[in-house]
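Structure record follows, encoded as structure tokens.
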Amino acid sequence: MSGVALQTAGLCKSFGAIQVAVDIDFALESGARHALIGPNGAGKTSFVNLLTGALRPSAGRVMLHGEDVTALDQIARARRGIARTFQINQLFRGLSVLENVCLAVAERIGACGELWRPMGRQRAVIAEAMALLEEVRLAGDAAKPVKQLAYGRQRLVELAIALGQRPKVLLLDEPAAGVPSAESHIILDAVDRLPADIAVLMIEHDMALVFRFAKLVTVMVAGAVLTQGAPDEIAADPRVRAVYLGGAHV
Amino acid sequence: MAAADSAVTFLTERHRWHWSEALPWIVAVGCFFVFPGYLAFGAQILIAILFALSLDLILGYAGIVTLGHAAFFGAGAYTAGLLAARLGWSEPLSCLVLGAVAAAALGFVSGWFLLRYAGLTLLMLTLAAAVLLSEFANAQADITGGFDGVTGIEMWPLFGVFNYDLYGHTNYVYALATLFAVFLAARRIVHSPFGQALIGIRENTNRMRAIGSPVHRRLVTVYTISAGMAGIAGALFAETNAFVTLDVLSFQRSAAVLVMLIFGGTGRLYGAFFGAAIYMLLEHNLAKLNPQFWEFGLGAALVLTVLFARRGLLGLVEDFGARFRSAPS
């Protein structure tokens, strides 16, 4: 698959006088491994919210595979293949790990309109959820209540739920946030194993993770795109070093 | 991968019946024979259970908080009552169905608007909606009898055969059979994928939207079903008591059904059975002890439940069961 998966044109968002997105033109290629970096408050998460439809833009358009989805809400965009994970876990805390992932799969295939036949008969849903858990190496924890898992493993559930949507576009909001650095490789290993045709955009602060993951890096500052390029170009860019890396050695 | 297999087995087997689920029904049938003098009161307990069960579906599973659930109980009660007393249609089963339809229609319309909100806002809006309905019923005194209510409700024999005796034999069996039928439907719904989606909404609405779940539609659907079930309870109430007053729409009734569910425990269906039975028995016996201060006893019981049994009495039973099982090792 080639071409542009997700694109924005002149995307703007302001809350009163505060502009969190300033005229953003952005393209995420199919199969991309794209990182979005920028200092705190640069508007990265707001940008993800604009992409998913959780926020409505003040101006501009969002296009998914060339189709204008600006008018669609978050639910409709999710059904068209935009999935995301959250900076702070958004899990179904009272449910088991397997049930968490089953929900995403069941909603995707439209099984949740079924009021009469038991969930236990949805063998295909359960099998697919189980396969996803094996992919993120969580099969052994499937029966556990998700709140009993260590935070790093909960981050994997967060990812598995998004994968249960079989996304075309996957937006990862700081997938390793809150995970001890000794364990962050678990997350990145899981990200490495994602199907190649999924376009992945990752917001990340940890530069080591960014350089390991990304083929392309976009830098945001104060709601606007500062620059975009290959990881080593970005690392060498003096403007980026000034606003973001702060002279840190990378 | 034994752990993985057990997780799958748990999901595929969960909807199967457990032997302990027979207990409340055995008790209910047993009461028919053991307390023949109390069957009229027993029928009222069964109706309260049915009403609490309908609330559990939205509160315990979907996480919808409401202080206006009596609106649907009242809609069912007035529908059945008015059909019998004003329009001369007194066939009990069709009055139940029509009561359910009227309440469900009301649930659908009000839910469509109100379920865009959640939490405290929703609590206040449901309360306001129920008060509005009660005032509306009061204002339409020509039809509803206003404060005096609808009297002279006389139902035709059940199935054209069974008459209503003074001791409430027929009503008790009628209420129990209705409760069982509604319970079977509720049990199927909570174990269905739809029921799982409701639990997902309760646990994390935000994430359900992110995975593309049509949250509003799911909530309106279950609210409509729950309203219909509450309407059946209300219609049964009208038929078995032979009168309907504004009391069926009152805030007290909305609050009482919530307290019943807190007593028994939410999100487990059987909590409604324990909670409603305990509430009704407490109310009955405390009022006999002291006609003025019976509410004090209920309040004290509520405080104790909230302090020491936050998941309700069934939650306590589960905790003890778990301790008992783990103790020998």
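FYI, nothing fancy with the structure tokens labels: chains A, B, ... in order, residues from 1 per chain, ligands from 1 as they appear.
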I'd like a table as JSON lines: residues in chain B with an atom no more than 8 Å from chain A, each row giving the shortest atom pair and its distance in Å to one decimal, only C-alpha atoms counted, sorted by chain and rising residue number.
{"residue": "B:Met1", "atom": "CA", "partner": "A:Gly140", "partner_atom": "CA", "distance": 6.5}
{"residue": "B:Ala2", "atom": "CA", "partner": "A:Gly140", "partner_atom": "CA", "distance": 7.8}
{"residue": "B:Ala3", "atom": "CA", "partner": "A:Gly140", "partner_atom": "CA", "distance": 5.4}
{"residue": "B:Ala4", "atom": "CA", "partner": "A:Gly140", "partner_atom": "CA", "distance": 5.5}
{"residue": "B:Ser6", "atom": "CA", "partner": "A:Ala143", "partner_atom": "CA", "distance": 6.9}
{"residue": "B:Ala7", "atom": "CA", "partner": "A:Ala143", "partner_atom": "CA", "distance": 4.3}
{"residue": "B:Val8", "atom": "CA", "partner": "A:Ile126", "partner_atom": "CA", "distance": 7.0}
{"residue": "B:Leu11", "atom": "CA", "partner": "A:Gly120", "partner_atom": "CA", "distance": 5.4}
{"residue": "B:Thr12", "atom": "CA", "partner": "A:Gly120", "partner_atom": "CA", "distance": 3.6}
{"residue": "B:Glu13", "atom": "CA", "partner": "A:Gly120", "partner_atom": "CA", "distance": 6.3}
{"residue": "B:Arg14", "atom": "CA", "partner": "A:Gly120", "partner_atom": "CA", "distance": 7.0}
{"residue": "B:His15", "atom": "CA", "partner": "A:Pro118", "partner_atom": "CA", "distance": 6.5}
{"residue": "B:Arg188", "atom": "CA", "partner": "A:Trp116", "partner_atom": "CA", "distance": 5.5}
{"residue": "B:Ile189", "atom": "CA", "partner": "A:Leu115", "partner_atom": "CA", "distance": 5.1}
{"residue": "B:His191", "atom": "CA", "partner": "A:Pro118", "partner_atom": "CA", "distance": 5.2}
{"residue": "B:Ser192", "atom": "CA", "partner": "A:Pro118", "partner_atom": "CA", "distance": 4.2}
{"residue": "B:Pro193", "atom": "CA", "partner": "A:Cys112", "partner_atom": "CA", "distance": 4.7}
{"residue": "B:Phe194", "atom": "CA", "partner": "A:Cys112", "partner_atom": "CA", "distance": 4.4}
{"residue": "B:Gly195", "atom": "CA", "partner": "A:Leu115", "partner_atom": "CA", "distance": 7.0}
{"residue": "B:Gln196", "atom": "CA", "partner": "A:Leu103", "partner_atom": "CA", "distance": 7.2}
{"residue": "B:Ala197", "atom": "CA", "partner": "A:Cys112", "partner_atom": "CA", "distance": 6.3}
{"residue": "B:Gly200", "atom": "CA", "partner": "A:Phe92", "partner_atom": "CA", "distance": 6.2}
{"residue": "B:Glu203", "atom": "CA", "partner": "A:Phe92", "partner_atom": "CA", "distance": 5.1}
{"residue": "B:Asn204", "atom": "CA", "partner": "A:Phe92", "partner_atom": "CA", "distance": 5.7}
{"residue": "B:Asn206", "atom": "CA", "partner": "A:Gln90", "partner_atom": "CA", "distance": 7.6}
{"residue": "B:Arg207", "atom": "CA", "partner": "A:Gln90", "partner_atom": "CA", "distance": 5.9}
{"residue": "B:Arg209", "atom": "CA", "partner": "A:Ile75", "partner_atom": "CA", "distance": 5.4}
{"residue": "B:Ala210", "atom": "CA", "partner": "A:Ala78", "partner_atom": "CA", "distance": 6.3}
{"residue": "B:Ile211", "atom": "CA", "partner": "A:Ala78", "partner_atom": "CA", "distance": 5.8}
{"residue": "B:Gly212", "atom": "CA", "partner": "A:Ile75", "partner_atom": "CA", "distance": 4.2}
{"residue": "B:Ser213", "atom": "CA", "partner": "A:Glu107", "partner_atom": "CA", "distance": 6.0}
{"residue": "B:Pro214", "atom": "CA", "partner": "A:Ile75", "partner_atom": "CA", "distance": 6.5}
Spatial neighbours of range 26-29 of chain A, 12 Å, only C-alpha atoms, chain gap at least 6 places, as number ranges by chain: A: 1-12, 35-36, 47-48, 51, 60-66, 168-171, 196-202, 215-220, 224-228
Export of prior selection with N, CA and C atoms as a compact mmCIF listing (two decimals), in the first residue's frame:
# COMPACT_ATOMS: atom_id res chain seq x y z
N MET A 1 0.85 -1.19 0.00
CA MET A 1 0.00 0.00 0.00
C MET A 1 0.88 1.24 0.00
N SER A 2 0.55 2.18 -0.85
CA SER A 2 1.34 3.41 -0.86
C SER A 2 0.39 4.59 -0.85
N GLY A 3 0.94 5.78 -0.76
CA GLY A 3 0.13 6.97 -0.75
C GLY A 3 -0.03 7.52 0.65
N VAL A 4 -0.90 8.52 0.76
CA VAL A 4 -1.08 9.20 2.04
C VAL A 4 -2.25 8.57 2.78
N ALA A 5 -2.02 8.17 4.03
CA ALA A 5 -3.10 7.59 4.82
C ALA A 5 -3.94 8.69 5.46
N LEU A 6 -3.26 9.60 6.12
CA LEU A 6 -3.97 10.64 6.87
C LEU A 6 -3.31 11.98 6.58
N GLN A 7 -4.12 12.97 6.34
CA GLN A 7 -3.59 14.26 5.92
C GLN A 7 -4.40 15.38 6.55
N THR A 8 -3.72 16.47 6.86
CA THR A 8 -4.45 17.66 7.31
C THR A 8 -4.07 18.83 6.42
N ALA A 9 -5.00 19.76 6.25
CA ALA A 9 -4.75 20.95 5.44
C ALA A 9 -5.24 22.16 6.20
N GLY A 10 -4.33 23.05 6.52
CA GLY A 10 -4.68 24.31 7.19
C GLY A 10 -5.42 24.13 8.49
N LEU A 11 -5.04 23.08 9.25
CA LEU A 11 -5.78 22.74 10.47
C LEU A 11 -5.50 23.74 11.59
N CYS A 12 -6.55 24.36 12.11
CA CYS A 12 -6.42 25.34 13.18
C CYS A 12 -7.35 24.97 14.32
N ALA A 35 7.35 10.08 13.87
CA ALA A 35 7.32 10.57 15.25
C ALA A 35 6.96 12.04 15.28
N LEU A 36 6.25 12.42 16.32
CA LEU A 36 5.89 13.82 16.52
C LEU A 36 6.52 14.25 17.84
N PHE A 47 -3.24 17.94 18.76
CA PHE A 47 -3.19 17.58 17.35
C PHE A 47 -3.75 16.16 17.14
N VAL A 48 -3.37 15.24 18.02
CA VAL A 48 -3.92 13.87 17.94
C VAL A 48 -5.43 13.90 18.13
N LEU A 51 -7.01 14.87 15.02
CA LEU A 51 -6.97 13.79 14.03
C LEU A 51 -8.06 12.75 14.30
N GLY A 60 -9.87 24.34 8.71
CA GLY A 60 -9.02 23.33 8.09
C GLY A 60 -9.73 22.00 7.94
N ARG A 61 -9.01 21.06 7.32
CA ARG A 61 -9.62 19.77 6.99
C ARG A 61 -8.73 18.61 7.43
N VAL A 62 -9.39 17.47 7.67
CA VAL A 62 -8.67 16.22 7.93
C VAL A 62 -9.13 15.22 6.88
N MET A 63 -8.18 14.55 6.22
CA MET A 63 -8.54 13.59 5.18
C MET A 63 -7.94 12.23 5.48
N LEU A 64 -8.80 11.21 5.38
CA LEU A 64 -8.35 9.83 5.58
C LEU A 64 -8.40 9.13 4.22
N HIS A 65 -7.26 8.71 3.74
CA HIS A 65 -7.17 8.11 2.40
C HIS A 65 -7.89 8.97 1.36
N GLY A 66 -7.64 10.28 1.42
CA GLY A 66 -8.19 11.19 0.44
C GLY A 66 -9.63 11.61 0.68
N LYS A 168 -6.06 1.36 10.29
CA LYS A 168 -5.20 1.72 9.17
C LYS A 168 -4.21 2.76 9.62
N VAL A 169 -4.66 3.57 10.58
CA VAL A 169 -3.82 4.63 11.14
C VAL A 169 -3.81 4.44 12.65
N LEU A 170 -2.62 4.40 13.22
CA LEU A 170 -2.49 4.20 14.66
C LEU A 170 -1.72 5.37 15.25
N LEU A 171 -2.35 6.05 16.21
CA LEU A 171 -1.75 7.21 16.83
C LEU A 171 -1.35 6.83 18.26
N ALA A 196 3.18 -4.04 8.89
CA ALA A 196 3.89 -2.98 8.16
C ALA A 196 2.94 -2.02 7.46
N ASP A 197 1.72 -2.46 7.15
CA ASP A 197 0.83 -1.58 6.38
C ASP A 197 0.10 -0.56 7.25
N ILE A 198 0.21 -0.67 8.58
CA ILE A 198 -0.42 0.34 9.44
C ILE A 198 0.45 1.59 9.46
N ALA A 199 -0.17 2.74 9.24
CA ALA A 199 0.55 4.01 9.38
C ALA A 199 0.59 4.37 10.85
N VAL A 200 1.79 4.55 11.40
CA VAL A 200 1.91 4.81 12.83
C VAL A 200 2.51 6.19 13.07
N LEU A 201 1.81 6.97 13.89
CA LEU A 201 2.33 8.26 14.34
C LEU A 201 2.52 8.16 15.84
N MET A 202 3.75 8.44 16.29
CA MET A 202 4.04 8.31 17.72
C MET A 202 4.49 9.65 18.29
N LYS A 215 11.16 6.81 11.00
CA LYS A 215 11.84 7.09 9.74
C LYS A 215 11.75 8.57 9.44
N LEU A 216 10.75 9.19 10.03
CA LEU A 216 10.47 10.60 9.75
C LEU A 216 10.05 11.25 11.07
N VAL A 217 10.53 12.49 11.29
CA VAL A 217 10.20 13.18 12.54
C VAL A 217 9.63 14.55 12.21
N THR A 218 8.53 14.88 12.86
CA THR A 218 7.96 16.22 12.74
C THR A 218 8.11 16.91 14.09
N VAL A 219 8.54 18.17 14.04
CA VAL A 219 8.73 18.92 15.28
C VAL A 219 7.65 20.00 15.38
N MET A 220 6.94 19.98 16.50
CA MET A 220 5.91 21.00 16.74
C MET A 220 6.37 21.95 17.83
N ALA A 224 2.40 24.94 16.04
CA ALA A 224 2.71 24.95 14.61
C ALA A 224 3.83 23.96 14.31
N VAL A 225 3.90 23.52 13.04
CA VAL A 225 4.98 22.63 12.64
C VAL A 225 6.23 23.47 12.40
N LEU A 226 7.29 23.14 13.14
CA LEU A 226 8.54 23.88 12.97
C LEU A 226 9.33 23.33 11.79
N THR A 227 9.50 22.01 11.79
CA THR A 227 10.23 21.40 10.70
C THR A 227 9.93 19.91 10.67
N GLN A 228 10.38 19.26 9.61
CA GLN A 228 10.14 17.83 9.46
C GLN A 228 11.33 17.24 8.71
Exercise: Leu106 in chain B partners within 12 Å, only C-alpha atoms, chain neighbours under 6 positions left out, as a list of chain:residue names: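 Close residues of Leu106 in chain B: B:His69, B:Ala70, B:Ala71, B:Phe72, B:Phe73, B:Gly74, B:Ala75, B:Gly76, B:Thr79, B:Gly99, B:Ala100, B:Trp112, B:Phe113, B:Leu114, B:Ala129, B:Ala130, B:Leu133, B:Val220, B:Tyr223, B:Thr224, B:Ile225, B:Ser226, B:Ala227, B:Gly228, B:Ala230, B:Gly231.
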Interatomic distance (Å, one decimal) between CA of Ile186 in chain A and CA of Arg212 in chain A: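 Calculated distance between CA of Ile186 in chain A and CA of Arg212 in chain A is 13.3 Å.
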Nearby residues (only C-alpha atoms) at most 10 Å from Val20 in chain A, same-chain spacing under 4 positions excluded, as a PyMOL selection string: chain A and resi 12-15+41-47+221-224
List the spatial neighbours of range 192-194 of chain A as a PDB file with C-alpha atoms, in the first residue's frame - criterion: any atom at most 8 Å away, only C-alpha atoms, same-chain residues fewer than 3 positions off excluded.
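Result saved to result_36.pdb:
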ATOM      1  CA  GLU A 135       1.310 -10.674  19.853  1.00  0.00           C
ATOM      2  CA  LEU A 188       9.018  -0.711  21.456  1.00  0.00           C
ATOM      3  CA  ASP A 189       9.364  -4.412  20.672  1.00  0.00           C
ATOM      4  CA  ILE A 198      -0.423   0.337   9.441  1.00  0.00           C
ATOM      5  CA  PHE A 213      11.344   3.890  15.880  1.00  0.00           C
TER       6      PHE A 213
END
Phe211 in chain A surroundings by only C-alpha atoms, 12 Å radius, close-in-sequence under 5 positions cut, as a list in words: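 Near neighbours after the sequence-gap exclusion: Arg33, His34, Ala35, Leu36, Ile37, Leu188, Met202, Glu204, His205, Asp206, Leu216, Val217, Gly229, Ala230, Pro231, Asp232, Glu233, Ile234, Ala235 and Val250 of chain A.
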One-decimal distance in Å that lies between CA of Val22 in chain A and CA of Thr70 in chain A: 16.3 Å
All alpha helix (DSSP H) residues (DSSP, backbone) inside range 136-182 of chain A, as a ChimeraX atom specification: /A:151-164
Okay, now the selection with C-alpha atoms, as a PDB file, in the first residue's frame?
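This went into selection.pdb:
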ATOM      1  CA  TYR A 151       1.843  -0.246  34.735  1.00  0.00           C
ATOM      2  CA  GLY A 152       4.201  -1.234  31.950  1.00  0.00           C
ATOM      3  CA  ARG A 153       2.090  -4.253  31.111  1.00  0.00           C
ATOM      4  CA  GLN A 154      -1.056  -2.144  31.276  1.00  0.00           C
ATOM      5  CA  ARG A 155       0.544  -0.016  28.544  1.00  0.00           C
ATOM      6  CA  LEU A 156       0.601  -3.159  26.399  1.00  0.00           C
ATOM      7  CA  VAL A 157      -3.127  -3.668  26.991  1.00  0.00           C
ATOM      8  CA  GLU A 158      -3.609  -0.059  25.940  1.00  0.00           C
ATOM      9  CA  LEU A 159      -1.858  -0.950  22.676  1.00  0.00           C
ATOM     10  CA  ALA A 160      -3.706  -4.260  22.228  1.00  0.00           C
ATOM     11  CA  ILE A 161      -7.100  -2.529  22.496  1.00  0.00           C
ATOM     12  CA  ALA A 162      -6.099  -0.157  19.691  1.00  0.00           C
ATOM     13  CA  LEU A 163      -4.904  -3.100  17.588  1.00  0.00           C
ATOM     14  CA  GLY A 164      -8.254  -4.793  18.184  1.00  0.00           C
TER      15      GLY A 164
END
Point-to-point distance in Å for CA of Phe136 in chain B and CA of Ile153 in chain B: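 Separation of CA of Ile153 in chain B and CA of Phe136 in chain B: 21.3 Å.
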For Leu219 in chain B, the nearest of the candidates B:Leu96, B:Ile201, B:Ile278, B:Val257, counting only C-alpha atoms: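 Distance minimum relative to Leu219 in chain B lands on B:Ile201.
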For range 293-309 of chain B, list every protein, DNA or RNA residue within 9 Å, evaluated using only C-alpha atoms, and leave out those in the same chain fewer than 6 positions away; present the list as a tab-separated table (two decimals) with C-alpha atoms, in the first residue's frame.
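Produced file result_32.tsv, reproduced below:
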chain	number	residue	atom	x	y	z
B	259	VAL	CA	-31.49	2.52	48.18
B	262	ILE	CA	-27.37	-0.09	47.24
B	263	PHE	CA	-28.50	-2.53	49.96
B	265	GLY	CA	-25.36	-4.48	45.47
B	279	TYR	CA	-35.86	-2.80	52.17
B	282	LEU	CA	-37.35	-3.33	57.12
B	283	GLU	CA	-39.96	-0.78	56.11
B	284	HIS	CA	-42.81	-3.11	57.03
B	285	ASN	CA	-41.45	-4.11	60.43
B	286	LEU	CA	-39.99	-0.76	61.45
B	287	ALA	CA	-43.29	0.92	60.67
B	315	GLY	CA	-20.69	-8.09	47.75
B	316	LEU	CA	-20.23	-9.07	51.41
